[in-house]
Amino acid sequence: MDSHAHAPHAADAHGHAELEIPFTVEIRPDTGLYNGKLGIWLFLASEVMLFGALFSALILIRTSAPNWPRGSDILNVPLATLNTFVLIASSVTVILAWANLRLGDLKWGRIWLGVTLLCGFGFMIIKAIEYGTKFSHHLFPKTNNFFATYYLMTGLHGLHVLGGMVVFAYLAGPGAKMFNTKREQFVNRVEVTGLYWHFVDLVWIFLFPILYLL
Amino acid sequence: MSDHADHNSPEAIHKEKRKYFIIFGMLGVLTILTVTVSRLDVSHTLHLVLALTIALVKGSLVAAYFMHLLSERKLVFAVLGLTLFFFAILLWGPWHHHYDAMGDDLGQPQQIDTTSTTTKTH
Amino acid sequence: MPKRQLRVGTQWLYVDEAEKLLREAIRIRDEEQRQLHGSGHHQSFISKYIFSTDHKWIGVQYGVTALVFLLLGFSMMLLMRYQLAWPGKPFHPLIAKFLGASNAPGGIMLPEFYNQLGAMHGTVMVFLAIVPLAVGAFGNYLVPLQIGAPDMAFPKLNMASYWCYLPGGLLMLLSFAVPGGAPSSGWTSYPPLSVIATRGQDIWLLGMVLLITSSLLGSVNFIVTIVQLRAKGMTWMRLPFFVWAQLVTAFLLLLAFPPLEAAAFMQLMDRVFETSFFMPSGLVISGTPLVRAGGGNPLLWQHLFWFLAHPEVYVLILPGMGIIAEVIANNTRKPLWGYRSFVGASIFLGFMSFVVWAHHMFMTGMGTVINSFFQTTTMIISIPSVVILSALLITLWGGSIRLNTPMMFALAFLPMFAIGGLTGLPLGLAAADIHLHDTYYVIGHFHYVVAPGTIFAMFAGIYYWYPKVTGKRLSERLGKLHFFGSFIFINGVFFPMFIQGLAGVSRRLYDGGAQYEHAKPVLHWNVFMTVSAFGLLIAQIPFIINFFKSMVWGERVGANPWEATTLEWAAATSPPLAHGNFATMPVVYRGPYEYSFPGHEFDYYPQNVPDPTPPPAPPPDGGGGLPQAAVAQKES
């Protein structure tokens, strides 16, 4: 019985003995997960609580206000609907990216990651147009609580979109070198970022009707 | 290597591509439905129920198929279940305080002036 | 040809097995030598010591930083207590010069500065000292070792975690230097006051965002590490209780902090962008109506803040309980009584901690239904704490108690935590809270749980694990001096607070209640408490001397000076190997507290020692020669 497994070491490019952490890539049998996958789900759980606090604030502020405008009377529904399609599409493209990478096709993996990035850009540009028109009509967060909650929730969501885009840009760009050195770990990174991206899409799926339509 | 989730093998991935496009289509239809339903002339409560229900369906599709939650491990389910419970508590707490408060704890109610901003600002 | 056997300790080994062991021992020694004298591949100073990804060094970074913040928070308290005992009395000229004319003109503390000290003392102690020490230092250092892992699951994330904490902490301290001074709206930052407060409050909010990020990264790391990186044979029910405590703590941090982060963004928006999330309509400040949209709710902040801050107090106590459990089991030479109840109670405690938060808001006009709900859950949550405390007490029964310094702190923890916990009960009852809310009774209650509670547990942990981290022992004489001094004076500081609170003395009063008639009979306690506080300061001097002196001149120890059973003692050197912790990854064969195992030769049975093969019968002719190293002729 081999009970003397050594502390795993593998030399990296600089000759440092880099520590190999178990189950970074291979799946731990009794949990069925690799470390990154569990990590991202835990992080998403905390994000549920973050947006939960914002929804809780919205509920309290809205139900205690004597009158509250309909979102569709003030906000740009067509643009936001377009944004919804853009984000859902980007969710599909990120899965296609991961699928291609899983099948060993780096070129098409990067292309689909690029399309995802483009969708993200599109989302942010439409957002910028929305905000810009509001500002030009002197509608700021301080105007009233309807706008305060609108800017806060869409703003924080937008920051999350940006964050995801930064990671995708890294993975499609300089980070893609890992495809040739540690392929499975690289594909896992794309999968894990994809999960984060789907969550951002999920939040928008709830934000859109609650802010814009009700 | 474990084959814990069949969506990882190359053959399964090809099959899944078709599924993703179908789900995409469904999500698109549901989005259009969301906007259409919001235009109906019904009570605010019904609007709320319908909007949230459709959003829940859309969200479930994203979670179940895009995030592969359907085939995910029990451990992840447990973490999410616990989180959703606390999420519900967080949503309930402040609101119930307002609902079950002693006296007038909010001072002057806010008047949101919509007269100067009702024109659509695109 | 008969195979020769060698008797090694309690076992008979074939010669080739003995040779394998000897080679292993030589390998470990060479590895240690390499570590001490450099191994040929160069890791820059910056990547090895500044931006280290080694959980042990990160644990040390957290520990040293947190202890410095602890001293700073302590100093802030001393300044406040001076003012409380002798209101309006000038400070010593040197101190007055240090504080500056904007805070203490003529050496006399301004009320604004008192408020700054109050807010910062709380913030520094909770967020910059105790949690980083309990979780960042002890947790980071010990969890991978105790579960038999080479490091945390995400070493780089661990490094990022520390490097969000340090800038966040420094930013908080910097706030003393901005115009208007440090945040002064309490560590609780209630609006509307916090929204109209000076610039320092923005720094508090930004600092909190950094600290919450640090905490978030850390908690993901802890949970994944404990779930995924347990060594072979380390089942859930064989985990040291310290690890369970850290696991529950990590979940609390993961799920409870985000609402405060959201609330911090909202308060920042209220302050910087003049929104009205927390600002009600019709506010008049110093005679001038505040021009703002209004319509907000200050209670929204309270809900979101306490949604975090209540689980936070369990974050403060749970790691401490974990440490006490380890120290008590080791120094009674007995297994923990009721291991499963420890585990169940801590899980239940963690869960309940999310549904009690509004007991901090009994006086905010909540209705009877919601008040009753939170009162009920608060009463229920006292049960798991009692279970854990009782189990610790029962563990002492029939034990062979060794009264070393860590054990003394651990024993003192028990009644101190009991007082802290019991005084929480009247606060948790809405009716009694009407009288006690916002009085010194509250301050006495929570300080008892955190100061002679958690901080004593931290001291126990430092005395206990210092040999593992440094390879040197702390002086027992200085340790006991530190203990007795701290124990006496800390009670002197906090016990009178109950007396003052029951008399109705409010908290956060710059003059300690001097202006109130009802405070007059109990005012003299202020002097007593301040003198005790300075006594407490002096009692720390032996500890500080001991800490640094022993690093250089302390008695050198081996891997397991306390004769403990858990993996950090039994399977790792002191200090552990830099890369990967263990020369060979341990395998676990039994539970964490197999002390006084019946029939075993020693009174401790480490987790990683395999069950021995029964020794073969000794040869009939005796063999001759030395009994211990007898080489016997044996038929193969």
# chains A, B, ... in the order shown; residues from 1 in each chain; ligands from 1
>>> closest_atom_pairs(of="chain C", to="chain B", cutoff="12 Å", atoms="only C-alpha atoms", output="Markdown table")
| residue | atom | partner | partner_atom | distance |
| --- | --- | --- | --- | --- |
| C:Ile223 | CA | B:Val79 | CA | 11.0 |
| C:Val224 | CA | B:Leu75 | CA | 11.4 |
| C:Val227 | CA | B:Leu75 | CA | 9.8 |
| C:Gln228 | CA | B:Leu75 | CA | 11.5 |
| C:Phe251 | CA | B:Val79 | CA | 9.5 |
| C:Leu252 | CA | B:Thr83 | CA | 10.8 |
| C:Leu254 | CA | B:Thr83 | CA | 9.9 |
| C:Leu255 | CA | B:Thr83 | CA | 7.2 |
| C:Ala256 | CA | B:Phe86 | CA | 9.0 |
| C:Pro258 | CA | B:Phe87 | CA | 11.0 |
| C:Pro259 | CA | B:Leu90 | CA | 8.6 |
| C:Leu260 | CA | B:Leu90 | CA | 11.7 |
| C:Ser276 | CA | B:Gln110 | CA | 10.4 |
| C:Phe277 | CA | B:Gln110 | CA | 11.8 |
| C:Phe278 | CA | B:Leu106 | CA | 10.7 |
| C:Met279 | CA | B:Leu106 | CA | 10.0 |
| C:Pro280 | CA | B:Gly107 | CA | 6.8 |
| C:Ser281 | CA | B:Gln108 | CA | 5.5 |
| C:Gly282 | CA | B:Gln108 | CA | 6.3 |
| C:Leu283 | CA | B:Gly107 | CA | 9.1 |
| C:Arg292 | CA | B:Gln110 | CA | 10.7 |
| C:Ala293 | CA | B:Gln110 | CA | 7.7 |
| C:Gly294 | CA | B:Gln110 | CA | 6.4 |
| C:Gly295 | CA | B:Gln110 | CA | 4.5 |
| C:Gly296 | CA | B:Leu106 | CA | 8.1 |
| C:Asn297 | CA | B:Leu106 | CA | 6.8 |
| C:Pro298 | CA | B:Leu106 | CA | 8.9 |
| C:Leu299 | CA | B:Pro94 | CA | 7.9 |
| C:Leu300 | CA | B:Pro94 | CA | 6.4 |
| C:Trp301 | CA | B:Pro94 | CA | 9.5 |
| C:Gln302 | CA | B:Pro94 | CA | 9.1 |
| C:His303 | CA | B:Pro94 | CA | 6.2 |
| C:Leu304 | CA | B:Pro94 | CA | 8.3 |
| C:Phe305 | CA | B:Pro94 | CA | 11.4 |
| C:Trp306 | CA | B:Leu90 | CA | 11.0 |
| C:Phe307 | CA | B:Leu90 | CA | 7.8 |
| C:Leu308 | CA | B:Leu90 | CA | 10.7 |
| C:Gly350 | CA | B:Leu82 | CA | 11.5 |
| C:Phe351 | CA | B:Leu82 | CA | 8.9 |
| C:Met352 | CA | B:Phe86 | CA | 10.4 |
| C:Ser353 | CA | B:Phe86 | CA | 10.6 |
| C:Phe354 | CA | B:Phe86 | CA | 7.1 |
| C:Val355 | CA | B:Ile89 | CA | 7.4 |
| C:Val356 | CA | B:Gly93 | CA | 10.4 |
| C:Trp357 | CA | B:Gly93 | CA | 9.5 |
| C:Ala358 | CA | B:Gly93 | CA | 8.5 |
| C:Met361 | CA | B:His97 | CA | 10.2 |
| C:Phe362 | CA | B:His97 | CA | 10.8 |
| C:Met363 | CA | B:Met102 | CA | 10.6 |
| C:Thr364 | CA | B:Asp105 | CA | 8.6 |
| C:Gly365 | CA | B:Met102 | CA | 5.1 |
| C:Met366 | CA | B:Ala101 | CA | 4.6 |
| C:Gly367 | CA | B:Ala101 | CA | 4.5 |
| C:Thr368 | CA | B:Asp100 | CA | 7.5 |
| C:Val369 | CA | B:Asp100 | CA | 7.1 |
| C:Ile370 | CA | B:His97 | CA | 6.8 |
| C:Asn371 | CA | B:His97 | CA | 9.1 |
| C:Ser372 | CA | B:Asp100 | CA | 11.5 |
| C:Phe373 | CA | B:Gly93 | CA | 10.6 |
| C:Phe374 | CA | B:Gly93 | CA | 10.2 |
>>> closest_atom_pairs(of="chain A", to="chain B", cutoff="8 Å", atoms="only C-alpha atoms", output="JSON lines")
{"residue": "A:Glu26", "atom": "CA", "partner": "B:Met1", "partner_atom": "CA", "distance": 6.8}
{"residue": "A:Ile27", "atom": "CA", "partner": "B:Ser2", "partner_atom": "CA", "distance": 6.8}
{"residue": "A:Pro29", "atom": "CA", "partner": "B:Ser2", "partner_atom": "CA", "distance": 7.7}
{"residue": "A:Thr31", "atom": "CA", "partner": "B:Leu75", "partner_atom": "CA", "distance": 7.0}
{"residue": "A:Gly32", "atom": "CA", "partner": "B:Arg73", "partner_atom": "CA", "distance": 6.5}
{"residue": "A:Leu33", "atom": "CA", "partner": "B:Arg73", "partner_atom": "CA", "distance": 7.5}
{"residue": "A:Leu38", "atom": "CA", "partner": "B:Val76", "partner_atom": "CA", "distance": 7.1}
{"residue": "A:Trp41", "atom": "CA", "partner": "B:Val76", "partner_atom": "CA", "distance": 6.8}
{"residue": "A:Leu42", "atom": "CA", "partner": "B:Val79", "partner_atom": "CA", "distance": 7.3}
{"residue": "A:Ala45", "atom": "CA", "partner": "B:Thr83", "partner_atom": "CA", "distance": 6.1}
{"residue": "A:Ser46", "atom": "CA", "partner": "B:Thr83", "partner_atom": "CA", "distance": 8.0}
{"residue": "A:Val48", "atom": "CA", "partner": "B:Phe87", "partner_atom": "CA", "distance": 7.3}
{"residue": "A:Met49", "atom": "CA", "partner": "B:Phe87", "partner_atom": "CA", "distance": 5.9}
{"residue": "A:Gly52", "atom": "CA", "partner": "B:Phe87", "partner_atom": "CA", "distance": 5.9}
{"residue": "A:Ala53", "atom": "CA", "partner": "B:Leu90", "partner_atom": "CA", "distance": 6.7}
{"residue": "A:Phe55", "atom": "CA", "partner": "B:Leu91", "partner_atom": "CA", "distance": 7.0}
{"residue": "A:Ser56", "atom": "CA", "partner": "B:Leu91", "partner_atom": "CA", "distance": 4.5}
{"residue": "A:Ala57", "atom": "CA", "partner": "B:Pro94", "partner_atom": "CA", "distance": 7.8}
{"residue": "A:Ile59", "atom": "CA", "partner": "B:Trp95", "partner_atom": "CA", "distance": 6.7}
{"residue": "A:Leu60", "atom": "CA", "partner": "B:Trp95", "partner_atom": "CA", "distance": 5.0}
{"residue": "A:Thr63", "atom": "CA", "partner": "B:Trp95", "partner_atom": "CA", "distance": 7.9}
{"residue": "A:Ser64", "atom": "CA", "partner": "B:His98", "partner_atom": "CA", "distance": 7.3}
{"residue": "A:Ala65", "atom": "CA", "partner": "B:Gln110", "partner_atom": "CA", "distance": 6.2}
{"residue": "A:Pro66", "atom": "CA", "partner": "B:Pro109", "partner_atom": "CA", "distance": 6.2}
{"residue": "A:Asn67", "atom": "CA", "partner": "B:Ile112", "partner_atom": "CA", "distance": 6.6}
{"residue": "A:Trp68", "atom": "CA", "partner": "B:Ile112", "partner_atom": "CA", "distance": 6.6}
{"residue": "A:Pro69", "atom": "CA", "partner": "B:Thr114", "partner_atom": "CA", "distance": 6.9}
{"residue": "A:Asp73", "atom": "CA", "partner": "B:Thr118", "partner_atom": "CA", "distance": 6.0}
{"residue": "A:Ile74", "atom": "CA", "partner": "B:Lys120", "partner_atom": "CA", "distance": 5.7}
{"residue": "A:Leu75", "atom": "CA", "partner": "B:Lys120", "partner_atom": "CA", "distance": 7.0}
{"residue": "A:Asn76", "atom": "CA", "partner": "B:His122", "partner_atom": "CA", "distance": 5.9}
{"residue": "A:Thr81", "atom": "CA", "partner": "B:Thr31", "partner_atom": "CA", "distance": 7.5}
{"residue": "A:Thr84", "atom": "CA", "partner": "B:Thr31", "partner_atom": "CA", "distance": 7.7}
{"residue": "A:Phe85", "atom": "CA", "partner": "B:Gly28", "partner_atom": "CA", "distance": 6.7}
{"residue": "A:Ile88", "atom": "CA", "partner": "B:Phe24", "partner_atom": "CA", "distance": 7.1}
{"residue": "A:Ala89", "atom": "CA", "partner": "B:Phe24", "partner_atom": "CA", "distance": 7.2}
{"residue": "A:Ser91", "atom": "CA", "partner": "B:Phe66", "partner_atom": "CA", "distance": 7.5}
{"residue": "A:Val92", "atom": "CA", "partner": "B:Tyr20", "partner_atom": "CA", "distance": 6.7}
{"residue": "A:Ile95", "atom": "CA", "partner": "B:Phe66", "partner_atom": "CA", "distance": 7.3}
{"residue": "A:Leu96", "atom": "CA", "partner": "B:Lys17", "partner_atom": "CA", "distance": 7.3}
{"residue": "A:Ala99", "atom": "CA", "partner": "B:Ile13", "partner_atom": "CA", "distance": 6.4}
{"residue": "A:Arg102", "atom": "CA", "partner": "B:Pro10", "partner_atom": "CA", "distance": 7.5}
{"residue": "A:Leu103", "atom": "CA", "partner": "B:Pro10", "partner_atom": "CA", "distance": 6.0}
{"residue": "A:Glu130", "atom": "CA", "partner": "B:His122", "partner_atom": "CA", "distance": 6.9}
{"residue": "A:Thr133", "atom": "CA", "partner": "B:His122", "partner_atom": "CA", "distance": 6.0}
{"residue": "A:Lys134", "atom": "CA", "partner": "B:Thr121", "partner_atom": "CA", "distance": 6.7}
{"residue": "A:His137", "atom": "CA", "partner": "B:Thr121", "partner_atom": "CA", "distance": 7.5}
{"residue": "A:Asn144", "atom": "CA", "partner": "B:Ile112", "partner_atom": "CA", "distance": 6.7}
{"residue": "A:Leu195", "atom": "CA", "partner": "B:Met67", "partner_atom": "CA", "distance": 5.8}
{"residue": "A:His198", "atom": "CA", "partner": "B:Met67", "partner_atom": "CA", "distance": 6.7}
{"residue": "A:Phe199", "atom": "CA", "partner": "B:Ala63", "partner_atom": "CA", "distance": 7.9}
{"residue": "A:Leu202", "atom": "CA", "partner": "B:Gly59", "partner_atom": "CA", "distance": 5.6}
{"residue": "A:Ile205", "atom": "CA", "partner": "B:Ala55", "partner_atom": "CA", "distance": 6.0}
{"residue": "A:Phe206", "atom": "CA", "partner": "B:Ala55", "partner_atom": "CA", "distance": 5.7}
{"residue": "A:Pro209", "atom": "CA", "partner": "B:Ala51", "partner_atom": "CA", "distance": 6.2}
{"residue": "A:Ile210", "atom": "CA", "partner": "B:Ala51", "partner_atom": "CA", "distance": 7.5}
{"residue": "A:Leu213", "atom": "CA", "partner": "B:Ser38", "partner_atom": "CA", "distance": 6.0}
{"residue": "A:Leu214", "atom": "CA", "partner": "B:Leu48", "partner_atom": "CA", "distance": 6.7}
>>> atom_distance(atom1="CA of Asp201 (chain A)", atom2="CA of Gly39 (chain A)")
19.1 Å
>>> atom_distance(atom1="CA of Val15 (chain C)", atom2="CA of Asn608 (chain C)")
22.8 Å
>>> atom_distance(atom1="CA of Gln267 (chain C)", atom2="CA of Ile434 (chain C)")
28.3 Å
>>> residues_around(residues="His447 (chain C)", least_positions_apart="4", cutoff="10 Å", atoms="only C-alpha atoms", output="MDAnalysis selection string")
chainID C and resid 417 420 441:443 451:455 490 493:495 497
>>> write_last_selection(atoms="N, CA and C atoms", output="PDB file, in the first residue's frame")
ATOM      1  N   PHE C 417     -16.139  33.302  29.239  1.00  0.00           N
ATOM      2  CA  PHE C 417     -17.117  33.196  28.177  1.00  0.00           C
ATOM      3  C   PHE C 417     -18.505  32.960  28.757  1.00  0.00           C
ATOM      4  N   GLY C 420     -19.846  36.279  29.759  1.00  0.00           N
ATOM      5  CA  GLY C 420     -20.219  37.009  28.547  1.00  0.00           C
ATOM      6  C   GLY C 420     -21.518  36.490  27.960  1.00  0.00           C
ATOM      7  N   TYR C 441     -23.960  48.138  30.015  1.00  0.00           N
ATOM      8  CA  TYR C 441     -24.183  46.693  30.180  1.00  0.00           C
ATOM      9  C   TYR C 441     -23.857  45.965  28.880  1.00  0.00           C
ATOM     10  N   VAL C 442     -24.265  46.589  27.767  1.00  0.00           N
ATOM     11  CA  VAL C 442     -23.995  45.987  26.463  1.00  0.00           C
ATOM     12  C   VAL C 442     -22.488  45.898  26.238  1.00  0.00           C
ATOM     13  N   ILE C 443     -21.799  46.997  26.558  1.00  0.00           N
ATOM     14  CA  ILE C 443     -20.349  47.019  26.347  1.00  0.00           C
ATOM     15  C   ILE C 443     -19.686  45.952  27.201  1.00  0.00           C
ATOM     16  N   ALA C 451     -12.990  39.896  24.819  1.00  0.00           N
ATOM     17  CA  ALA C 451     -11.697  40.186  25.446  1.00  0.00           C
ATOM     18  C   ALA C 451     -11.242  39.025  26.333  1.00  0.00           C
ATOM     19  N   PRO C 452     -11.803  38.829  27.539  1.00  0.00           N
ATOM     20  CA  PRO C 452     -11.344  37.626  28.231  1.00  0.00           C
ATOM     21  C   PRO C 452     -11.848  36.348  27.559  1.00  0.00           C
ATOM     22  N   GLY C 453     -12.692  36.482  26.589  1.00  0.00           N
ATOM     23  CA  GLY C 453     -13.129  35.311  25.818  1.00  0.00           C
ATOM     24  C   GLY C 453     -12.164  35.031  24.687  1.00  0.00           C
ATOM     25  N   THR C 454     -12.442  35.621  23.538  1.00  0.00           N
ATOM     26  CA  THR C 454     -11.653  35.330  22.342  1.00  0.00           C
ATOM     27  C   THR C 454     -10.188  35.672  22.504  1.00  0.00           C
ATOM     28  N   ILE C 455      -9.861  36.840  23.063  1.00  0.00           N
ATOM     29  CA  ILE C 455      -8.447  37.219  23.124  1.00  0.00           C
ATOM     30  C   ILE C 455      -7.682  36.250  24.013  1.00  0.00           C
ATOM     31  N   ILE C 490      -8.219  42.410  33.467  1.00  0.00           N
ATOM     32  CA  ILE C 490      -9.272  42.458  32.464  1.00  0.00           C
ATOM     33  C   ILE C 490     -10.646  42.388  33.126  1.00  0.00           C
ATOM     34  N   VAL C 493     -11.413  45.799  34.386  1.00  0.00           N
ATOM     35  CA  VAL C 493     -11.886  46.744  33.373  1.00  0.00           C
ATOM     36  C   VAL C 493     -13.357  46.521  33.060  1.00  0.00           C
ATOM     37  N   PHE C 494     -13.765  45.270  32.906  1.00  0.00           N
ATOM     38  CA  PHE C 494     -15.081  45.043  32.307  1.00  0.00           C
ATOM     39  C   PHE C 494     -16.198  44.731  33.291  1.00  0.00           C
ATOM     40  N   PHE C 495     -15.878  44.181  34.468  1.00  0.00           N
ATOM     41  CA  PHE C 495     -17.005  43.826  35.322  1.00  0.00           C
ATOM     42  C   PHE C 495     -17.817  45.031  35.794  1.00  0.00           C
ATOM     43  N   MET C 497     -18.647  47.479  34.322  1.00  0.00           N
ATOM     44  CA  MET C 497     -19.531  47.986  33.271  1.00  0.00           C
ATOM     45  C   MET C 497     -20.946  47.477  33.451  1.00  0.00           C
TER      46      MET C 497
END
>>> select_by_dssp(residues="region 7-109 of chain A", states="helix (DSSP H, G or I)", output="MDAnalysis selection string")
chainID A and resid 35:64 71:74 77:102 106:109
>>> select_by_dssp(residues="region 6-214 of chain A", states="strand (DSSP E)", output="NGL selection string")
:A and (9-11 or 17-19)
>>> closest_residue(among="C:Ala129, C:Ala264, C:Ile317, C:Val64", to="chain A", atoms="only C-alpha atoms")
C:Ala264
>>> closest_residue(among="C:Leu427, C:Ala262, C:Ala571, C:Ala432", to="chain A", atoms="only C-alpha atoms")
C:Ala262
